[in-house]
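Undergrad: This is the content of upload-v4.txt (compact mmCIF, C-alpha atoms and all ligand atoms):
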# COMPACT_ATOMS: atom_id res chain seq x y z
CA MET A 1 40.42 -23.35 195.87
CA LEU A 2 41.65 -25.66 193.11
CA HIS A 3 44.31 -28.28 193.53
CA ILE A 4 46.50 -27.93 190.48
CA LYS A 5 49.96 -29.42 190.41
CA ILE A 6 52.21 -27.09 188.46
CA PRO A 7 55.70 -28.47 187.81
CA THR A 8 58.60 -26.42 189.14
CA ARG A 9 61.16 -24.73 186.90
CA ARG A 10 63.70 -27.34 187.94
CA GLU A 11 61.36 -30.21 186.95
CA VAL A 12 60.64 -28.58 183.58
CA ILE A 13 64.34 -28.06 182.90
CA GLU A 14 65.27 -31.63 183.84
CA LYS A 15 62.54 -33.06 181.62
CA ALA A 16 63.43 -30.78 178.72
CA LYS A 17 67.09 -31.78 178.96
CA ALA A 18 66.14 -35.47 179.11
CA GLU A 19 64.12 -34.95 175.91
CA GLY A 20 67.16 -33.42 174.18
CA LYS A 21 65.86 -29.85 174.24
CA LYS A 22 68.11 -26.86 174.75
CA ILE A 23 67.31 -24.31 177.43
CA ALA A 24 67.15 -20.55 176.87
CA ALA A 25 67.25 -18.29 179.93
CA VAL A 26 65.18 -15.30 178.79
CA TYR A 27 65.17 -11.90 180.47
CA PRO A 28 62.05 -9.64 180.34
CA ILE A 29 59.93 -8.57 178.47
CA HIS A 30 58.92 -9.18 174.84
CA TYR A 31 60.28 -12.01 172.69
CA PRO A 32 58.77 -14.59 170.31
CA ARG A 33 58.39 -17.79 172.34
CA GLU A 34 57.38 -19.57 169.14
CA LEU A 35 60.70 -18.90 167.42
CA PHE A 36 62.61 -20.66 170.20
CA ARG A 37 60.14 -23.54 170.41
CA ALA A 38 60.55 -24.14 166.66
CA PHE A 39 64.23 -24.90 167.36
CA ASN A 40 63.28 -27.34 170.14
CA ILE A 41 64.45 -24.82 172.71
CA GLN A 42 62.58 -24.45 175.99
CA PRO A 43 62.42 -20.77 177.08
CA ILE A 44 62.72 -20.32 180.84
CA GLU A 45 62.15 -16.68 181.77
CA VAL A 46 64.24 -14.91 184.39
CA TRP A 47 62.17 -12.24 186.17
CA GLY A 48 64.60 -11.72 189.00
CA PRO A 49 64.20 -14.19 190.63
CA PRO A 50 62.83 -12.41 193.71
CA LYS A 51 64.47 -12.63 197.11
CA THR A 52 67.95 -13.02 195.60
CA ASP A 53 71.07 -11.81 197.40
CA THR A 54 72.34 -9.23 194.91
CA LYS A 55 75.76 -8.46 196.52
CA LYS A 56 77.72 -10.11 193.71
CA ALA A 57 75.88 -8.15 191.04
CA ASN A 58 76.32 -4.80 192.74
CA ALA A 59 79.98 -4.60 191.68
CA HIS A 60 78.82 -4.49 188.03
CA LEU A 61 75.82 -2.21 188.36
CA GLN A 62 75.04 1.35 189.38
CA SER A 63 73.14 1.63 192.64
CA TYR A 64 70.08 3.03 190.85
CA ILE A 65 69.46 -0.06 188.73
CA CYS A 66 66.17 -1.85 189.39
CA SER A 67 65.99 -5.04 191.45
CA VAL A 68 64.83 -7.10 188.44
CA VAL A 69 68.19 -6.54 186.69
CA GLN A 70 70.18 -6.74 189.94
CA SER A 71 68.69 -10.14 190.75
CA GLY A 72 68.92 -11.30 187.16
CA LEU A 73 72.66 -10.70 187.09
CA ALA A 74 73.26 -11.99 190.62
CA PHE A 75 71.39 -15.16 189.67
CA TYR A 76 73.80 -15.69 186.77
CA LEU A 77 76.88 -14.95 188.91
CA GLU A 78 75.72 -17.50 191.48
CA GLY A 79 75.45 -20.17 188.81
CA GLY A 80 71.65 -20.12 188.60
CA ILE A 81 71.77 -19.96 184.81
CA ASN A 82 74.50 -22.58 184.34
CA VAL A 83 71.91 -25.03 183.11
CA ALA A 84 71.03 -22.77 180.16
CA ASP A 85 72.55 -23.18 176.70
CA ILE A 86 71.41 -19.75 175.55
CA ILE A 87 70.92 -16.39 177.28
CA VAL A 88 68.41 -14.01 175.70
CA VAL A 89 68.40 -10.32 176.63
CA PRO A 90 65.68 -8.28 174.93
CA HIS A 91 66.52 -4.57 174.93
CA SER A 92 63.33 -3.71 176.76
CA CYS A 93 64.74 -0.72 178.65
CA ASP A 94 68.06 1.00 179.37
CA SER A 95 68.74 -1.28 182.33
CA LEU A 96 68.28 -4.45 180.29
CA GLN A 97 70.26 -2.97 177.42
CA GLY A 98 73.02 -2.35 179.98
CA LEU A 99 72.74 -5.94 181.16
CA GLY A 100 73.13 -7.13 177.57
CA SER A 101 76.34 -5.08 177.28
CA ILE A 102 77.69 -6.43 180.57
CA TYR A 103 77.20 -9.97 179.27
CA LYS A 104 78.69 -9.18 175.87
CA ASP A 105 81.67 -7.03 176.87
CA PHE A 106 82.62 -8.14 180.38
CA ILE A 107 81.20 -11.48 181.39
CA LYS A 108 81.40 -13.20 177.99
CA PRO A 109 79.29 -16.17 179.14
CA LYS A 110 79.89 -19.69 177.88
CA GLN A 111 76.26 -19.70 176.69
CA GLU A 112 75.18 -18.37 173.31
CA LEU A 113 74.13 -14.74 173.88
CA ILE A 114 71.17 -13.39 171.94
CA THR A 115 70.01 -9.79 172.16
CA ILE A 116 66.75 -8.55 170.65
CA TYR A 117 66.27 -4.96 169.51
CA LEU A 118 62.62 -4.08 169.95
CA PRO A 119 60.99 -1.21 168.07
CA ARG A 120 58.50 1.09 169.77
CA GLU A 121 55.46 2.53 167.99
CA LYS A 122 52.85 0.41 166.24
CA ASN A 123 53.46 0.91 162.54
CA ARG A 124 54.35 -0.97 159.35
CA GLU A 125 58.03 0.11 159.38
CA ASN A 126 58.46 -1.33 162.85
CA VAL A 127 56.89 -4.63 161.84
CA GLU A 128 59.41 -4.78 158.98
CA PHE A 129 62.26 -3.83 161.30
CA LEU A 130 61.38 -6.49 163.87
CA SER A 131 60.78 -9.06 161.16
CA LYS A 132 64.39 -8.53 159.96
CA GLU A 133 65.62 -8.69 163.53
CA LEU A 134 63.86 -12.04 164.03
CA LYS A 135 65.43 -13.37 160.81
CA ARG A 136 68.83 -12.42 162.22
CA ILE A 137 68.04 -14.35 165.41
CA TYR A 138 66.77 -17.29 163.36
CA LYS A 139 70.17 -17.44 161.60
CA GLN A 140 72.01 -17.25 164.91
CA LEU A 141 69.91 -20.07 166.36
CA ALA A 142 70.33 -22.15 163.20
CA GLU A 143 74.12 -21.84 163.43
CA PHE A 144 74.05 -22.68 167.11
CA THR A 145 71.72 -25.69 166.88
CA HIS A 146 72.69 -26.90 163.37
CA PHE A 147 69.00 -27.06 162.61
CA GLU A 148 66.77 -24.97 160.34
CA PRO A 149 63.05 -25.24 161.06
CA ASP A 150 61.08 -24.66 157.88
CA ARG A 151 58.24 -22.20 157.29
CA GLU A 152 55.58 -24.80 158.21
CA LYS A 153 57.27 -25.58 161.51
CA LEU A 154 57.50 -21.87 162.36
CA LEU A 155 53.83 -21.33 161.48
CA GLU A 156 52.84 -24.40 163.50
CA GLU A 157 54.52 -22.96 166.61
CA ILE A 158 53.07 -19.50 165.98
CA LYS A 159 49.56 -21.02 165.77
CA LYS A 160 50.10 -22.79 169.08
CA GLU A 161 51.08 -19.53 170.80
CA GLU A 162 48.16 -17.71 169.18
CA GLU A 163 45.79 -20.36 170.52
CA ILE A 164 47.30 -20.02 173.97
CA ASP A 165 46.82 -16.26 173.85
CA VAL A 166 43.12 -16.80 173.10
CA LEU A 167 42.92 -19.26 176.01
CA VAL A 168 44.67 -16.84 178.37
CA ALA A 169 42.18 -14.14 177.36
CA LYS A 170 39.37 -16.59 178.23
CA PHE A 171 41.05 -17.29 181.57
CA TYR A 172 41.07 -13.55 182.33
CA LYS A 173 37.42 -13.24 181.27
CA SER A 174 36.47 -16.07 183.63
CA ARG A 175 38.36 -14.51 186.52
CA GLU A 176 35.28 -13.70 188.59
CA ASN A 177 33.87 -17.18 188.10
CA LEU A 178 36.95 -19.09 189.16
CA PRO A 179 37.41 -20.37 192.73
CA LEU A 180 40.96 -19.03 192.86
CA SER A 181 42.67 -16.54 195.12
CA SER A 182 44.59 -13.76 193.38
CA ARG A 183 47.85 -15.55 194.20
CA GLU A 184 46.59 -18.85 192.76
CA PHE A 185 45.32 -17.09 189.63
CA TYR A 186 48.67 -15.42 188.99
CA THR A 187 50.68 -18.51 189.88
CA ILE A 188 48.84 -20.31 187.08
CA LEU A 189 49.19 -17.42 184.61
CA ARG A 190 52.87 -16.95 185.31
CA ALA A 191 53.63 -20.63 184.81
CA ARG A 192 53.64 -19.67 181.11
CA GLU A 193 57.05 -18.15 181.81
CA TYR A 194 58.61 -21.61 181.84
CA LEU A 195 56.14 -24.37 180.94
CA PRO A 196 56.03 -26.15 177.58
CA VAL A 197 53.09 -24.89 175.59
CA GLU A 198 50.99 -28.09 175.76
CA LEU A 199 51.36 -28.42 179.51
CA PHE A 200 50.37 -24.81 180.09
CA LYS A 201 47.35 -25.30 177.85
CA ASN A 202 46.25 -28.37 179.86
CA ILE A 203 46.55 -26.46 183.13
CA LEU A 204 44.49 -23.54 181.84
CA ASN A 205 41.83 -25.85 180.44
CA TYR A 206 41.64 -27.76 183.72
CA ALA A 207 41.25 -24.52 185.69
CA LEU A 208 38.57 -23.29 183.27
CA LEU A 209 36.57 -26.48 183.82
CA HIS A 210 35.96 -25.19 187.34
CA SER A 211 34.52 -21.91 186.20
CA SER A 212 31.06 -21.44 187.73
CA SER A 213 28.14 -19.08 187.17
CA GLY A 214 28.51 -17.59 190.67
CA LYS A 215 30.63 -14.44 190.69
CA LEU A 216 33.11 -13.35 193.35
CA LYS A 217 31.42 -10.74 195.51
CA LYS A 218 34.57 -8.78 196.20
CA THR A 219 36.13 -5.45 195.36
CA GLY A 220 37.99 -5.71 192.07
CA ILE A 221 41.36 -4.04 191.58
CA VAL A 222 43.41 -3.51 188.41
CA ILE A 223 47.12 -3.89 189.07
CA SER A 224 49.66 -2.23 186.78
CA GLY A 225 53.43 -2.60 186.65
CA LEU A 226 56.12 -5.11 185.76
CA LEU A 227 55.27 -8.11 187.89
CA PRO A 228 53.35 -8.96 191.09
CA GLU A 229 56.44 -9.38 193.27
CA PRO A 230 56.63 -9.67 196.18
CA MET A 231 53.46 -11.74 195.68
CA GLU A 232 52.32 -10.91 199.19
CA ILE A 233 50.59 -7.90 197.67
CA LEU A 234 48.03 -10.31 196.20
CA ASP A 235 47.36 -11.81 199.64
CA VAL A 236 46.92 -8.34 201.14
CA ILE A 237 44.36 -7.44 198.45
CA ASP A 238 42.46 -10.70 199.06
CA GLU A 239 42.60 -10.26 202.84
CA MET A 240 40.71 -7.01 202.40
CA ASP A 241 37.98 -8.84 200.52
CA GLY A 242 39.38 -7.56 197.26
CA PHE A 243 40.74 -9.43 194.26
CA VAL A 244 42.80 -8.61 191.19
CA ALA A 245 40.16 -8.41 188.47
CA LEU A 246 42.51 -7.61 185.59
CA ASP A 247 46.06 -6.43 185.15
CA ASP A 248 48.31 -4.26 183.07
CA MET A 249 51.51 -6.10 183.94
CA ALA A 250 54.52 -6.77 181.74
CA CYS A 251 54.77 -10.41 182.79
CA CYS A 252 51.08 -11.07 182.10
CA MET A 253 48.50 -9.02 180.16
CA ARG A 254 51.01 -6.92 178.21
CA ARG A 255 52.23 -10.14 176.62
CA VAL A 256 48.87 -11.54 175.59
CA TYR A 257 49.42 -10.88 171.91
CA GLY A 258 46.79 -10.77 169.21
CA GLU A 259 46.77 -12.99 166.15
CA GLY A 260 49.10 -11.99 163.36
CA SER A 261 47.72 -11.63 159.83
CA ALA A 262 50.82 -12.17 157.66
CA ASP A 263 51.57 -15.49 155.95
CA ASP A 264 55.27 -14.91 156.38
CA PRO A 265 56.22 -16.35 159.80
CA PHE A 266 58.74 -13.63 160.68
CA GLU A 267 56.34 -10.87 159.81
CA ARG A 268 53.57 -12.58 161.74
CA MET A 269 55.72 -12.92 164.88
CA ALA A 270 56.74 -9.27 164.54
CA GLU A 271 53.13 -8.11 164.11
CA ARG A 272 52.12 -9.86 167.29
CA ILE A 273 54.74 -8.05 169.38
CA VAL A 274 54.55 -4.64 167.69
CA ASN A 275 50.75 -4.52 167.94
CA SER A 276 50.55 -5.56 171.59
CA THR A 277 48.75 -3.55 174.29
CA PRO A 278 50.12 -0.15 175.41
CA ASP A 279 53.39 -0.53 177.24
CA PRO A 280 55.73 2.03 178.83
CA THR A 281 58.80 0.20 177.54
CA LYS A 282 57.44 0.69 174.03
CA GLY A 283 56.92 4.39 174.56
CA SER A 284 53.10 4.26 174.29
CA SER A 285 51.46 7.64 174.79
CA VAL A 286 49.92 8.60 178.13
CA ASP A 287 46.50 8.79 176.45
CA GLU A 288 46.83 5.28 175.03
CA ARG A 289 47.81 3.91 178.41
CA ALA A 290 45.08 5.81 180.25
CA ASP A 291 42.46 4.62 177.76
CA PHE A 292 43.69 1.07 178.12
CA LEU A 293 43.49 1.22 181.92
CA LYS A 294 40.00 2.71 181.72
CA SER A 295 38.94 -0.11 179.40
CA LEU A 296 40.23 -2.66 181.92
CA ILE A 297 38.17 -0.96 184.63
CA ASP A 298 35.07 -0.91 182.40
CA ILE A 299 35.38 -4.55 181.35
CA SER A 300 36.07 -5.91 184.82
CA GLY A 301 34.01 -3.57 186.98
CA ALA A 302 37.13 -3.00 189.10
CA LYS A 303 37.02 -0.03 191.45
CA GLY A 304 40.58 1.28 191.31
CA VAL A 305 44.13 0.88 190.03
CA VAL A 306 47.22 -0.10 192.01
CA PHE A 307 50.46 0.90 190.27
CA TYR A 308 52.88 -1.65 191.71
CA ASN A 309 56.15 -0.20 190.60
CA VAL A 310 59.61 -1.71 190.86
CA LYS A 311 61.91 0.87 192.46
CA PHE A 312 64.14 2.61 189.87
CA CYS A 313 62.02 1.37 186.96
CA GLU A 314 62.32 4.51 184.87
CA PRO A 315 59.98 3.51 182.02
CA GLU A 316 57.12 3.24 184.55
CA TYR A 317 58.08 6.27 186.67
CA PHE A 318 57.56 8.75 183.85
CA TYR A 319 53.89 7.88 183.45
CA HIS A 320 52.55 7.80 186.98
CA PRO A 321 51.78 11.47 187.69
CA LEU A 322 50.11 11.91 184.29
CA LEU A 323 48.24 8.63 184.42
CA LYS A 324 46.99 9.31 187.93
CA ASP A 325 45.62 12.67 186.78
CA LYS A 326 43.96 11.19 183.70
CA LEU A 327 42.32 8.43 185.72
CA ASN A 328 41.24 10.90 188.36
CA GLU A 329 39.53 13.03 185.70
CA SER A 330 37.46 9.92 184.86
CA GLY A 331 36.65 9.32 188.53
CA ILE A 332 39.03 6.38 188.86
CA LYS A 333 41.10 6.23 192.02
CA SER A 334 44.66 4.94 191.93
CA ILE A 335 47.64 4.49 194.21
CA VAL A 336 51.38 4.15 193.47
CA ILE A 337 53.25 1.57 195.54
CA GLU A 338 57.01 1.19 195.21
CA THR A 339 58.47 -2.26 195.55
CA ASP A 340 61.81 -4.06 195.56
CA ILE A 341 61.44 -7.67 194.46
CA ASN A 342 64.17 -8.74 196.89
CA GLU A 343 62.64 -7.23 199.98
CA PRO A 344 59.58 -8.30 201.92
CA ILE A 345 56.55 -6.10 201.53
CA SER A 346 56.73 -3.38 204.20
CA GLN A 347 54.15 -2.76 206.90
CA GLN A 348 53.70 0.74 205.51
CA THR A 349 52.83 -0.69 202.07
CA ILE A 350 50.36 -3.14 203.61
CA THR A 351 48.68 -0.30 205.51
CA ARG A 352 48.45 1.86 202.38
CA ILE A 353 46.92 -0.91 200.26
CA LYS A 354 44.43 -1.78 202.98
CA ALA A 355 43.42 1.86 203.36
CA PHE A 356 43.06 2.20 199.59
CA ILE A 357 40.75 -0.83 199.30
CA GLU A 358 38.76 0.28 202.33
CA MET A 359 38.23 3.66 200.66
CA LEU A 360 37.08 1.98 197.40
CA LYS A 361 34.65 -0.20 199.35
CA GLU A 362 33.31 2.82 201.20
CA GLU A 363 32.79 4.72 197.96
CA SER A 364 30.95 1.77 196.38
CA ARG A 365 28.58 1.61 199.34
CA TRP A 366 27.56 5.20 198.69
CA ALA A 367 27.50 4.98 194.91
S1 LIG B 401 61.79 -3.23 186.15
FE1 LIG B 401 61.79 -1.49 184.68
S2 LIG B 401 63.92 -0.84 184.60
FE2 LIG B 401 63.88 -2.91 185.50
S3 LIG B 401 64.15 -4.32 183.81
FE3 LIG B 401 61.97 -4.06 184.05
S4 LIG B 401 61.42 -2.38 182.66
FE4 LIG B 401 63.62 -2.31 182.93
Would you encode the structure as structure tokens?
TA:
Amino acid sequence: MLHIKIPTRREVIEKAKAEGKKIAAVYPIHYPRELFRAFNIQPIEVWGPPKTDTKKANAHLQSYICSVVQSGLAFYLEGGINVADIIVVPHSCDSLQGLGSIYKDFIKPKQELITIYLPREKNRENVEFLSKELKRIYKQLAEFTHFEPDREKLLEEIKKEEEIDVLVAKFYKSRENLPLSSREFYTILRAREYLPVELFKNILNYALLHSSSGKLKKTGIVISGLLPEPMEILDVIDEMDGFVALDDMACCMRRVYGEGSADDPFERMAERIVNSTPDPTKGSSVDERADFLKSLIDISGAKGVVFYNVKFCEPEYFYHPLLKDKLNESGIKSIVIETDINEPISQQTITRIKAFIEMLKEESRWA
């Protein structure tokens, strides 16, 4: 166990405001953090938040909309986003696209509203498309802030994010050597959703200093989905003498981008997002996703995959039966768990996860 003091969102926001920064409330999933930082804007991501009372939002949304969007809208309607100067809604899926339209056509917030159209497949045309899209957002931010960061400033911020991505990859690689529970590990990783880049870097470096040569002697699990909420799932896995060895989650691994190669800052930011790991919201093929999951299992030595799926998350739903079959063909066991980020984890879910890990442990004993 490490004692790391991570500032709260509120503390980060207060400090950023005191330093004259603007705040952007950013909905999931992909966006260029570096572009906002170049304008002296602190991105604070809104993944829910979990355990929100969504009654106010329900009047605006169909009953089959996922809890991430329900909470995200309810949070705004309750004044949770009042502190933000800008609201960013990437069009990651139909539900978020719908949320963008609700803001634009019905709510008309006092904040500057920015939407991001994200292309799907990895190819040159899509890098060009996203590059143009990011130039459009640059212009919008320049008009809003009356500031125009130059090419060098943009590249400086891109470099910082690229360095952080390398550091995050190192953090993942050191997972088995770190004296951290799964919850502690993901609390640190997810602090990237709101911390300034330097502070996040310091926290990762401090945690990495405690990496040891002794490995965790536990059953590794790969977790796949949007986000590890409710986080109790991580405690249940640890309780069973398991640990999350690697993940394929939208809030974490799917946003560890590679280095761009272009000298043009917009193209470089676009490359990083377009060429990221397979992702259901980007329409990656089943084979690509299955291969990626298998590679996570191979690298980490994990014994199985938990699909931790937000109820009504259509992009994820489509893949599960096919992915389960593909993994099964390779001898990899998996389980699909449905979750609502606003509800406590059910006893039935706890029992299923425990039984799944017990089965993996039993199989390893006989392997
Ligand atoms: S949980 Fe799924 S449906 Fe909901 S916002 Fe995320 S990707 Fe979209």
Undergrad: Counting all atoms listed in the file, which residues have an atom no more than 6 Å from (55.5, -4.8, 189.7) in the file's coordinates? Please list them as a ChimeraX atom specification.
TA: /A:225-229,308-310
Undergrad: What are the centre and edge lengths in Å, to one decimal, of the axis-aligned box around all listed atoms of ligand LIG 401 (chain B) with 5 Å added on each side, as JSON?
TA:
{"center_x": 62.8, "center_y": -2.6, "center_z": 184.4, "size_x": 12.7, "size_y": 13.5, "size_z": 13.5}
Undergrad: Would you mind listing the residues within 9 Å of ligand LIG 401 (chain B), counting all atoms listed in the file, as a ChimeraX atom specification?
TA: /A:27-29,47,65-70,91-97,225-227,250,280-281,309-317
Undergrad: Take the residues from that selection and write them out as a compact mmCIF listing (two decimals), keeping the file's coordinate frame, keeping C-alpha atoms.
TA:
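Once written, out-v1.txt looks like this:
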# COMPACT_ATOMS: atom_id res chain seq x y z
CA TYR A 27 65.17 -11.90 180.47
CA PRO A 28 62.05 -9.64 180.34
CA ILE A 29 59.93 -8.57 178.47
CA TRP A 47 62.17 -12.24 186.17
CA ILE A 65 69.46 -0.06 188.73
CA CYS A 66 66.17 -1.85 189.39
CA SER A 67 65.99 -5.04 191.45
CA VAL A 68 64.83 -7.10 188.44
CA VAL A 69 68.19 -6.54 186.69
CA GLN A 70 70.18 -6.74 189.94
CA HIS A 91 66.52 -4.57 174.93
CA SER A 92 63.33 -3.71 176.76
CA CYS A 93 64.74 -0.72 178.65
CA ASP A 94 68.06 1.00 179.37
CA SER A 95 68.74 -1.28 182.33
CA LEU A 96 68.28 -4.45 180.29
CA GLN A 97 70.26 -2.97 177.42
CA GLY A 225 53.43 -2.60 186.65
CA LEU A 226 56.12 -5.11 185.76
CA LEU A 227 55.27 -8.11 187.89
CA ALA A 250 54.52 -6.77 181.74
CA PRO A 280 55.73 2.03 178.83
CA THR A 281 58.80 0.20 177.54
CA ASN A 309 56.15 -0.20 190.60
CA VAL A 310 59.61 -1.71 190.86
CA LYS A 311 61.91 0.87 192.46
CA PHE A 312 64.14 2.61 189.87
CA CYS A 313 62.02 1.37 186.96
CA GLU A 314 62.32 4.51 184.87
CA PRO A 315 59.98 3.51 182.02
CA GLU A 316 57.12 3.24 184.55
CA TYR A 317 58.08 6.27 186.67
Undergrad: Name the residues in contact with Asn82 (chain A) at a cut-off of 10 Å, using all atoms listed in the file, excluding same-chain residues fewer than 4 positions from it; report them as a list in words.
TA: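 The contact residues come out as Ala25, Phe75, Tyr76, Leu77, Glu78, Ile86, Pro109, Lys110 and Gln111 of chain A.
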Undergrad: List every protein, DNA or RNA residue that has an atom no more than 7 Å from (74.3, -19.3, 169.5) in the file's coordinate frame, counting only C-alpha atoms, and report them as JSON, numbers by chain.
TA: {"A": [86, 112, 113, 140, 141, 143, 144]}
Undergrad: Okay, now the selection with C-alpha atoms, as a PDB file, in the frame of the given file?
TA:
ATOM      1  CA  ILE A  86      71.410 -19.750 175.550  1.00  0.00           C
ATOM      2  CA  GLU A 112      75.180 -18.370 173.310  1.00  0.00           C
ATOM      3  CA  LEU A 113      74.130 -14.740 173.880  1.00  0.00           C
ATOM      4  CA  GLN A 140      72.010 -17.250 164.910  1.00  0.00           C
ATOM      5  CA  LEU A 141      69.910 -20.070 166.360  1.00  0.00           C
ATOM      6  CA  GLU A 143      74.120 -21.840 163.430  1.00  0.00           C
ATOM      7  CA  PHE A 144      74.050 -22.680 167.110  1.00  0.00           C
TER       8      PHE A 144
END
Undergrad: Which residue, A:His210, A:Lys354, A:Lys294, A:Lys122, has the smallest gap to Lys324 (chain A) when you use all atoms listed in the file?
TA: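 The shortest atom-to-atom distance to Lys324 (chain A) comes from A:Lys294.
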Undergrad: Considering all atoms listed in the file, return as a list of chain:residue names whatever protein or nucleic-acid residues lie within 9 Å of Pro49 (chain A), sequence-local ones (same chain, fewer than 3 positions apart) excluded.
TA: A:Val46, A:Thr52, A:Val68, A:Ser71, A:Gly72, A:Phe75, A:Ile341, A:Asn342
Undergrad: Those selected residues, please, written with C-alpha atoms and delivered as a PDB file, in the frame of the given file.
TA:
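Result file follows (out.pdb):
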ATOM      1  CA  VAL A  46      64.240 -14.910 184.390  1.00  0.00           C
ATOM      2  CA  THR A  52      67.950 -13.020 195.600  1.00  0.00           C
ATOM      3  CA  VAL A  68      64.830  -7.100 188.440  1.00  0.00           C
ATOM      4  CA  SER A  71      68.690 -10.140 190.750  1.00  0.00           C
ATOM      5  CA  GLY A  72      68.920 -11.300 187.160  1.00  0.00           C
ATOM      6  CA  PHE A  75      71.390 -15.160 189.670  1.00  0.00           C
ATOM      7  CA  ILE A 341      61.440  -7.670 194.460  1.00  0.00           C
ATOM      8  CA  ASN A 342      64.170  -8.740 196.890  1.00  0.00           C
TER       9      ASN A 342
END
Undergrad: Considering all atoms listed in the file, can you say which of A:Ile13, A:Ala24, A:Leu154, A:Ala18 comes closest to Asp264 (chain A)?
TA: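 Of all the options, A:Leu154 lies closest to Asp264 (chain A).
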Undergrad: Which is closest to Met231 (chain A) among A:Gly283, A:Pro32, A:Gly304, A:Pro50, if we use all atoms listed in the file?
TA: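 The answer is A:Pro50, which sits nearest to Met231 (chain A).
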Undergrad: Taking all atoms listed in the file into account, which of A:Gln347, A:Val305, A:Phe129, A:Val286 comes nearest Phe318 (chain A)?
TA: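 For Phe318 (chain A), the nearest of the candidates is A:Val286.
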Undergrad: Just the number, please: distance in Å from CA of Phe292 (chain A) to CA of Ile223 (chain A), one decimal.
TA: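 Taking CA of Phe292 (chain A) and CA of Ile223 (chain A), their separation equals 12.5 Å.
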